[in-house]
There are 2 protein chains.
Amino acid sequence: MLPADFLGTLSTLLPSECLLTDSVECYAYAYDNSRKIFPPDAVVFPRTASEIQSIVKLCNRFKVPLTPRGRGTGTAGGCLAEQGGVCLSLERMLAIITVDPANRVIVAEPGVLNQSIQTAAQPHGFFWPPDPSSAAYSSIGGNIATSAGGPHAVKYGTTREHVLGLKAITGSGDIIKTGCYTTKGVVGYDLTRLLIGSEGTLAVVTEATLKLTALPQAVGGITAHFNDTASCAAAVVSIMALPQLPSALEFLDSQSLNLIRGQYPDMLPSNSNAMLMIEVDGSTRDIEASITSILSACQHDGLLLAKKTQDAASLWKARKALSPLLREIAPKKINEDIVVPVDCLPELLEKLEQLSHKYQLANVNFGHAGNGNIHVNLLINPDIEGEVQLAEKCLDEIFDLVIKLNGTLSGEHGIGREKRAFITKEIDDITLDLMKRIKTVFDPNNILNPGKLFP
Amino acid sequence: MLPADFLGTLSTLLPSECLLTDSVECYAYAYDNSRKIFPPDAVVFPRTASEIQSIVKLCNRFKVPLTPRGRGTGTAGGCLAEQGGVCLSLERMLAIITVDPANRVIVAEPGVLNQSIQTAAQPHGFFWPPDPSSAAYSSIGGNIATSAGGPHAVKYGTTREHVLGLKAITGSGDIIKTGCYTTKGVVGYDLTRLLIGSEGTLAVVTEATLKLTALPQAVGGITAHFNDTASCAAAVVSIMALPQLPSALEFLDSQSLNLIRGQYPDMLPSNSNAMLMIEVDGSTRDIEASITSILSACQHDGLLLAKKTQDAASLWKARKALSPLLREIAPKKINEDIVVPVDCLPELLEKLEQLSHKYQLANVNFGHAGNGNIHVNLLINPDIEGEVQLAEKCLDEIFDLVIKLNGTLSGEHGIGREKRAFITKEIDDITLDLMKRIKTVFDPNNILNPGKLFP
C-alpha cells in the first residue's frame with residue numbers, strides 16, 4: 001500500500017486522467033508476456049520528461065518502487081511491478097519529434113510504436129531495423145530497454161546498433177543526454193549503449209534519436225526442408241559461411257512442424273523434420289545470385305527440398321502459423337531465447353533433443369538460426385504436480401550447455417525477473433558486482449525497477 | 001618521482017627486460033601524435049592479464065598514476081603520462097588467440113596491430129572494419145580505447161559496432177569479462193560499449209573478441225572536382241541521400257588541394273577548389289549501378305569533372321599525398337575532428353572559411369564527409385607570439401558552431417587531454433558528473449589515466 005502523503009502529492013503532479021489508483025484499473029498493468037501477475041499500487045501516464053522527473057523524485061523521497069513500462073510485450077517480466085509501487089506507463093509519450101531523411105534520423109518519444117517509426121520512415125525509403133515479433137504493438141522505449149531484435153538481426157543487428165542518442169531521467173531524477181545526432185561521435189562514455197538493454201533499471205528514456213537504414217531494393221526467399229535436424233543445422237553453418245549474409249535465417253524443428261501440421265495438414269511436406277526459412281535482400285541484381293549460392297549451401301545429405309518462394313507471405317507462412325498454436329497448446333509454456341555460436345548449433349540442437357527425452361518434457365525449438373539464437377519452448381503445464389520443478393531442472397541443464405558452448409542466456413528477451421536466477425551462470429560475481437555498483441550510481445535508492453536483472 | 005618501495009615491488013612483478021626506469025629510455029614513451037611530451041617515470045611491458053592485475057593493484061596501493069598505451073598513434077594525448085607515474089605499454093600482448101571464420105570472430109590481445117587482424121582475417125574472406133589512418137601500426141587496444149574509425153565508417157561504422165566482448169582489468173584491479181562471443185546477447189549491462197571509447201580511464205583491455213565482416217566482392221571509385229566548396233558540400237548531401245551508402249566519401253578543401261599542388265603540380269585539375277573521393281563496394285553486379293547513381297548525384301552547378309577511377313591507387317592518391325605535406329608545412333598544427341549532421345556540411349564549411357578569414361589563420365579542412373566528420377587543421381606556428389592564443393579563440397568559435405549545428409566535438413580521435421577543456425560545450429554538468437561517478441566505480445583511487453577526458 002502506498003502512503004497517503006505519497007498519493008496526495010502524486011495526484012498534484014499529473015491531471016487526474018493520468019493517474020490510476022483503483023485496484024481493478026491497475027490490474028490491467030499487472031502482467032506482460034511472461035504471464036506472471038504483479039499488480040502495481042498505482043499507474044501513472046506522464047506526457048513530458050518534466051512530469052517523469054517529478055514522479056521519479058517523489059518516489060525517491062518516499063522510497064516507492066517505480067517500474068517503467070512500454071506496451072507490456074516483453075517475455076522476461078521486466079516491466080512487472082513485482083514489489084508493488086508505481087507503474088510508469090510511457091504509452092502516452094507518443095510524439096515523433098523529428099523526421100529527418102537527409103540525415104537518416106528519426107527522433108521520437110518512448111511510447112511511439114516500432115510500427116509507427118516504420119510508417120514514418122517508409123515514404124522516405126528508410127526503415128528502422130529492430131524487428132521484434134511484437135513490432136506492430138511494442139514501443140521503441142521497450143525495444144531500447146531490451147535491445148530488441150528479430151529475424152533481421154542476422155544482417156542488421158539489434159536495437160543497440162540503431163540508436164544514436166537518448167534523453168533520459170536517471171533513478172535519482174537527473175535529466176541526462178547521451179550520445180549524439182551524428183553517425184560518429186566519441187565524446188565521453190557511451191551511456192547510450194549502457195542504457196540500451198538495461199531494462200529500465202538505470203533510467204527512464206524520454207527521447208530517442210534513431211538511426212535509419214535504406215530499405216532494400218528487393219527481397220527474395222527460400223524454404224528448405226530436411227530429413228533430420230543435424231543436416232538442417234549443418235546447412236545453417238554452410239549458409240552463414242557464405243560472404244553475403246541472409247537478411248533472415250529462421251529454423252523450425254520437427255516439434256514445431258508437427259504443431260503446424262495439426263492445424264494445417266497440407267502446409268508442409270509430410271516427411272520434413274526440420275525447416276529453414278531464408279530471406280535475402282539487396283539490389284534486384286544481387287538477389288538471384290544470393291539465392292543460387294544459398295540453394296547450393298543447403299545441399300547436405302538430409303536435404304529433402306529447397307526452393308525459391310513466390311513472395312514474402314509464402315516464405316513466412318509456417319512461422320506465422322506457429323506462435324498462436326504454441327500459445328494455444330501450452331499457455332504456460334516456458335520460453336527461452338538462448339544463443340550459441342553458429343557452428344555449435346548442430347551440437348546444441350542434438351543435445352536439446354536428448355534433454356527433452358531425459359526429462360520427458362515436450363520441447364519446441366525454433367528461431368533465428370543465423371545468429372545462433374534459438375527459442376526453446378518447454379511445453380509444460382504448471383498445474384501438473386512436479387512439472388515446474390522438472391522444467392527448472394531441465395532449464396538448468398540447458399543453460400549449462402549454452403555456457404559450455406560459449407553462448408549466452410538471452411539474445412533479445414533480456415533477464416527481467418524470469419532469468420535472474422541463472423545470470424550467475426554467465427556473469428561472474430566480480431563483473432556482476434560492478435554492474436550493481438553502476439546501478440547505484442544511477443539509482444542510489446534502488447527505486448527504479450527494483451529486483452530486476454540481478455539475482 | 002616514484003617511491004623506492006614501489007619501484008622495488010614493481011621490479012619483482014616483471015622480468016627486468018619488461019621494465020624501464022631509466023629516464024632516457026622512458027622518454028621514448030613520452031609522446032603521441034598530439035606531439036605533447038610527458039615522460040613517464042617508468043614503463044612496464046606486461047605479457048599477461050595477471051601481470052597487469054598485479055601492476056594495477058600495486059599502483060592502487062601507492063596511488064601511482066598508471067597510463068595504458070597502445071602504439072602511441074592517438075592525436076588527443078590520451079596515452080600520455082601527464083601526471084607522471086607508470087606507462088603501461090601493451091605492445092608485447094601480441095597473441096591472436098582464436099581465428100574462427102565459421103563464427104566470423106577473431107579473439108586477440110590488445111597489442112595486436114589492426115593490420116595483423118586484417119592479415120589474419122583476409123585469407124578467410126573477412127576483414128575487421130575499423131580503419132583509422134594509422135591501421136598499419138596502431139593496435140586494436142588503442143582502437144578500442146578511442147572507438148577508432150576511418151574512411152569506411154560511413155558504411156561500416158566504427159570500432160563500437162565491431163567488438164562482441166572484452167576481458168579487462170578495472171582501475172581497482174578486478175578482472176572483468178564483458179559481452180559475449182555471439183552476434184546477439186542482452187545479459188546484464190553493456191559494459192563492452194562502456195569500455196569502448198573510454199580512453200583507458202576505466203579499465204585495461206586484456207583480450208577482445210572482434211566481429212569480422214565479409215570482404216566486398218569488388219570495389220570501385222570516383223573522383224569529383226568542384227569550382228566551389230558549396231557545390232561540393234551540396235553533392236555530399238545528394239550522395240548521402242542515395243539508398244546505397246558509399247563505402248567511403250572523402251572531402252578535400254581548396255587549401256588541401258593547394259598544398260598538394262605545391263608538391264605535385266600535375267596531380268589535380270588547376271581550376272578545382274574542392275574534391276571528393278568516393279569509394280563504392282559490393283557485388284560486381286552492383287558497382288556499376290552505384291557509380292552511375294553517384295555520378296548523377298554529383299551534378300551540381302559547380303561540378304567541374306567527375307569520373308570513375310582506374311583503381312584504388314588513383315582514387316586515394318591525393319589523400320595519401322596530403323598528410324605528410326601537412327606535417328611538413330606545419331608540424332605543430334592543431335588538428336580537430338569535428339562532426340555535424342551531413343546536411344549541415346554546407347553551412348559548416350562556409351563558416352569555417354569565414355573563421356579562417358576572421359582570425360587570419362590558415363585552415364586546411366578535409367575528411368570523412370559522408371559522416372559529416374571533418375578534420376580541421378589550423379596551421380599555426382606556436383613559436384610566433386600570440387598565435388596559440390588566437391588559435392584557441394578560433395577553436396572555441398569552431399566548437400560553438402559545431403554544437404549549434406547539432407554536431408559533436410570528436411568523431412574518432414577522442415577527448416584525451418587536448419579537448420577536455422571543451423567537453424562541457426557538448427556534455428552538460430549533470431551527465432558529466434554521472435560519467436565521473438562511473439569512473440569512480442571502476443577506479444576508486446583515480447589511478448587509471450588520471451586527468452584525461454574530464455575537464
# chains A, B, ... in the order shown; residues from 1 in each chain; ligands from 1

$ select_by_dssp --residues "range 18-130 of chain A" --states "strand (DSSP E or B)" --output "list in words"
Leu19, Leu20, Tyr31, Ile37, Ala42, Val43, Val44, Leu66, Thr67, Pro68, Arg69, Val86, Cys87, Leu88, Ser89, Ile96, Ile97, Thr98, Val99, Asp100, Val105, Ile106, Val107, Ala108, Leu113, Phe126 and Phe127 of chain A

$ residues_around --residues "Phe454 in chain B" --least-positions-apart "2" --cutoff "8 Å" --atoms "only C-alpha atoms" --output "number ranges by chain"
B: 420-421, 423, 432, 436, 451-452

$ select_by_dssp --residues "range 98-326 of chain A" --states "helix (DSSP H, G or I)" --output "PyMOL selection string"
chain A and resi 101-103+114-124+140-146+153-156+159-162+191-195+229-240+254-263+284-297+312-326

$ closest_atom_pairs --of "range 27-60 of chain A" --to "range 77-91 of chain A" --cutoff "8 Å" --atoms "only C-alpha atoms" --output "CSV"
residue,atom,partner,partner_atom,distance
A:Tyr29,CA,A:Cys87,CA,7.4
A:Ala30,CA,A:Leu80,CA,6.4
A:Tyr31,CA,A:Leu80,CA,6.2
A:Asp32,CA,A:Gly77,CA,6.2
A:Asn33,CA,A:Gly77,CA,7.2
A:Ser34,CA,A:Gly77,CA,5.4
A:Arg35,CA,A:Gly77,CA,7.9
A:Lys36,CA,A:Gly77,CA,7.1
A:Ile37,CA,A:Leu80,CA,7.5
A:Phe38,CA,A:Glu82,CA,5.3
A:Pro39,CA,A:Ala81,CA,6.4
A:Pro40,CA,A:Gly84,CA,4.7
A:Asp41,CA,A:Gly85,CA,5.1
A:Ala42,CA,A:Val86,CA,4.8
A:Val43,CA,A:Cys87,CA,4.6
A:Val44,CA,A:Leu88,CA,5.2
A:Phe45,CA,A:Ser89,CA,5.3
A:Pro46,CA,A:Leu90,CA,6.7
A:Arg47,CA,A:Leu90,CA,7.8

$ write_last_selection --atoms "C-alpha atoms" --output "JSON list (two decimals), in the first residue's frame"
[["chain", "number", "residue", "atom", "x", "y", "z"],
["A", 29, "TYR", "CA", -0.96, -3.16, -15.88],
["A", 30, "ALA", "CA", -0.17, -6.23, -13.77],
["A", 31, "TYR", "CA", 1.15, -8.55, -16.46],
["A", 32, "ASP", "CA", 3.30, -8.86, -19.54],
["A", 33, "ASN", "CA", 4.10, -11.69, -21.95],
["A", 34, "SER", "CA", 5.81, -13.67, -19.17],
["A", 35, "ARG", "CA", 2.24, -14.22, -17.95],
["A", 36, "LYS", "CA", 3.21, -13.58, -14.33],
["A", 37, "ILE", "CA", 0.93, -11.18, -12.47],
["A", 38, "PHE", "CA", 2.06, -8.37, -10.14],
["A", 39, "PRO", "CA", -0.46, -5.55, -9.81],
["A", 40, "PRO", "CA", 1.04, -2.11, -9.20],
["A", 41, "ASP", "CA", -0.50, 0.10, -6.49],
["A", 42, "ALA", "CA", -0.80, 2.97, -8.94],
["A", 43, "VAL", "CA", -0.26, 3.62, -12.64],
["A", 44, "VAL", "CA", 0.89, 6.98, -13.99],
["A", 45, "PHE", "CA", 0.80, 8.17, -17.60],
["A", 46, "PRO", "CA", 3.25, 11.06, -17.87],
["A", 47, "ARG", "CA", 3.28, 13.12, -21.06]]

$ closest_residue --among "B:Val163, B:Ala148, B:Ala76, B:Leu212" --to "Asn335 in chain B" --atoms "only C-alpha atoms"
B:Ala76

$ residues_around --residues "Thr178 in chain A" --least-positions-apart "3" --cutoff "7 Å" --atoms "only C-alpha atoms" --output "MDAnalysis selection string"
chainID A and resid 165:167 191:192

$ write_last_selection --atoms "N, CA and C atoms" --output "mmCIF file, in the first residue's frame"
data_model
loop_
_atom_site.group_PDB
_atom_site.id
_atom_site.type_symbol
_atom_site.label_atom_id
_atom_site.label_comp_id
_atom_site.auth_asym_id
_atom_site.auth_seq_id
_atom_site.Cartn_x
_atom_site.Cartn_y
_atom_site.Cartn_z
ATOM 1 N N GLY A 165 21.434 8.409 -29.908
ATOM 2 C CA GLY A 165 21.476 9.138 -28.639
ATOM 3 C C GLY A 165 20.156 9.049 -27.910
ATOM 4 N N LEU A 166 20.189 9.409 -26.631
ATOM 5 C CA LEU A 166 18.994 9.339 -25.789
ATOM 6 C C LEU A 166 18.904 10.554 -24.890
ATOM 7 N N LYS A 167 17.677 10.900 -24.503
ATOM 8 C CA LYS A 167 17.477 11.721 -23.314
ATOM 9 C C LYS A 167 16.813 10.801 -22.300
ATOM 10 N N LEU A 191 27.112 6.244 -22.743
ATOM 11 C CA LEU A 191 25.944 5.990 -21.885
ATOM 12 C C LEU A 191 24.752 5.502 -22.704
ATOM 13 N N THR A 192 24.744 5.823 -24.002
ATOM 14 C CA THR A 192 23.630 5.370 -24.852
ATOM 15 C C THR A 192 23.526 3.848 -24.799
#

$ closest_residue --among "B:Thr183, B:Ser256, B:Thr201, B:Asn445" --to "chain A" --atoms "only C-alpha atoms"
B:Thr183

$ residues_around --residues "Ser254 in chain A" --least-positions-apart "3" --cutoff "6 Å" --atoms "only C-alpha atoms" --output "VMD selection string"
chain A and resid 257 273 to 274

$ write_last_selection --atoms "C-alpha atoms" --output "PDB file, in the first residue's frame"
ATOM      1  CA  LEU A 257       6.386 -28.622 -37.819  1.00  0.00           C
ATOM      2  CA  ASN A 273      11.668 -32.931 -39.847  1.00  0.00           C
ATOM      3  CA  ALA A 274      13.403 -29.548 -39.925  1.00  0.00           C
TER       4      ALA A 274
END
